[in-house]
Amino acid sequence: MPRAPSEQMIKAEKLFYDGLTMVEIAKQLGISDSTVRSWKNRYGWGDKSKKNNCNVAKKDDKKTATLQKKKRGGQPGNQNSKGVSKGKGNPNPKPPPDMTKHGGYVPAFMDALDKDEQELVSTIPKDTETQLMEQIQLFSIRERRVLKAINKYREQKGDVSVADVTRFEDKRAFRNKEEEDEYDRRQKIKVDKGDILPGKSYSIQTHTTNKDMVIARLEQELSTIQGKKTKAIEALAKYRMEKAKLESESAGNEAVDDWIAAVIEEDEGDDVSIDE
């Protein structure tokens, strides 16, 4: 049988329901707080059967709060999910960012194509063999262009090459044509007086890069093109083999049909001679 609660246990339980913490109860009774916690767990202080006397922290005094086991799900007073209906997710979702920069991967529909694109679609051959041949031709053209670029950089003198050139120019905005004409008039007066020089000034910024690095990048692009060209050639060869196989089977079937027809005609001729 379980041991009856001692006098200190009864006092500790009363202090617990009065709102004291484990440490405060232990200090008042001259025992360790671990002992108080073991009593609380053993005798179920604060369980549902004693929910009317459970220890609840005051809003203005957090020191009186004891460690309570949280229930599953949202806690009372939690505002994190306020305004979100169940099962509908974020009520104000942000649209996904536009990941396309050049339009190459945007879904294309016939009614959204311009006139040139519609003409291009209409000229695309429907024959698989012709399409593969055109792909191989385009890969060959790209391969030649990259090879020419590689040779151009190899023939250049020095270790660096111009990567790109950026031009900076100051521009003035006008609200109307009259302001622009007035500006040009005043600029002309300053030029005539020699205060400023004629023309507009701008600055150019040139970026250079190592020539060998450029050649290495071009050679990598060349390998990619050649790999795709090889796959297209293999696909064309496979298609032609399958096509020849089907034509051979078709020709064989026609020969069998002709042989069967000849046999039938011969049998019919024999039947007629017998009847006669």
# chains A, B, ... in the order shown; residues from 1 in each chain; ligands from 1
>>> select_by_dssp(residues="range 114-144 of chain A", states="alpha helix (DSSP H)", output="ChimeraX atom specification")
/A:115-123,128-144
>>> select_by_dssp(residues="range 152-230 of chain A", states="strand (DSSP E)", output="list of chain:residue names")
A:Val160, A:Ser161, A:Val162, A:Ala163, A:Asp164, A:Val165, A:Thr166, A:Arg167, A:Phe168, A:Glu169, A:Tyr202, A:Ser203, A:Ile204, A:Gln205, A:Thr206, A:His207, A:Thr208, A:Thr209, A:Asn210
>>> residues_around(residues="Glu219 in chain A", least_positions_apart="5", cutoff="9 Å", atoms="only C-alpha atoms", output="short mmCIF file (atom, residue, chain, number, x, y, z; two decimals) with N, CA and C atoms, in the first residue's frame")
data_model
loop_
_atom_site.label_atom_id
_atom_site.label_comp_id
_atom_site.auth_asym_id
_atom_site.auth_seq_id
_atom_site.Cartn_x
_atom_site.Cartn_y
_atom_site.Cartn_z
N VAL A 146 32.42 28.53 -82.91
CA VAL A 146 33.24 28.45 -81.70
C VAL A 146 34.70 28.19 -82.07
N LEU A 147 34.93 27.35 -83.06
CA LEU A 147 36.30 27.09 -83.50
C LEU A 147 36.96 28.35 -84.03
N ILE A 150 37.88 30.52 -81.05
CA ILE A 150 39.07 29.98 -80.36
C ILE A 150 40.34 30.37 -81.11
N VAL A 214 39.49 32.54 -71.42
CA VAL A 214 38.46 32.65 -72.46
C VAL A 214 38.51 31.44 -73.39
N THR A 224 30.51 20.70 -75.43
CA THR A 224 29.08 20.54 -75.23
C THR A 224 28.35 20.44 -76.57
#
>>> atom_distance(atom1="CA of Asp170 in chain A", atom2="CA of Leu197 in chain A")
15.6 Å
>>> residues_around(residues="Thr206 in chain A", least_positions_apart="2", cutoff="8 Å", atoms="only C-alpha atoms", output="ChimeraX atom specification")
/A:162-166,204,208
>>> atom_distance(atom1="CA of Met9 in chain A", atom2="CA of Ser38 in chain A")
10.5 Å
>>> closest_residue(among="A:Tyr43, A:Ser34, A:Ala244, A:Ile215", to="Asn151 in chain A", atoms="only C-alpha atoms")
A:Ile215
>>> residues_around(residues="Val160 in chain A", least_positions_apart="6", cutoff="8 Å", atoms="only C-alpha atoms", output="ChimeraX atom specification")
/A:208-211
>>> write_last_selection(atoms="C-alpha atoms", output="PDB file, in the first residue's frame")
ATOM      1  CA  THR A 208      39.921  42.659 -69.648  1.00  0.00           C
ATOM      2  CA  THR A 209      40.323  38.984 -68.870  1.00  0.00           C
ATOM      3  CA  ASN A 210      42.960  36.316 -69.219  1.00  0.00           C
ATOM      4  CA  LYS A 211      43.110  35.006 -72.780  1.00  0.00           C
TER       5      LYS A 211
END
>>> closest_residue(among="A:Gln28, A:Thr21, A:Ser201, A:Ser161", to="Lys40 in chain A", atoms="only C-alpha atoms")
A:Thr21
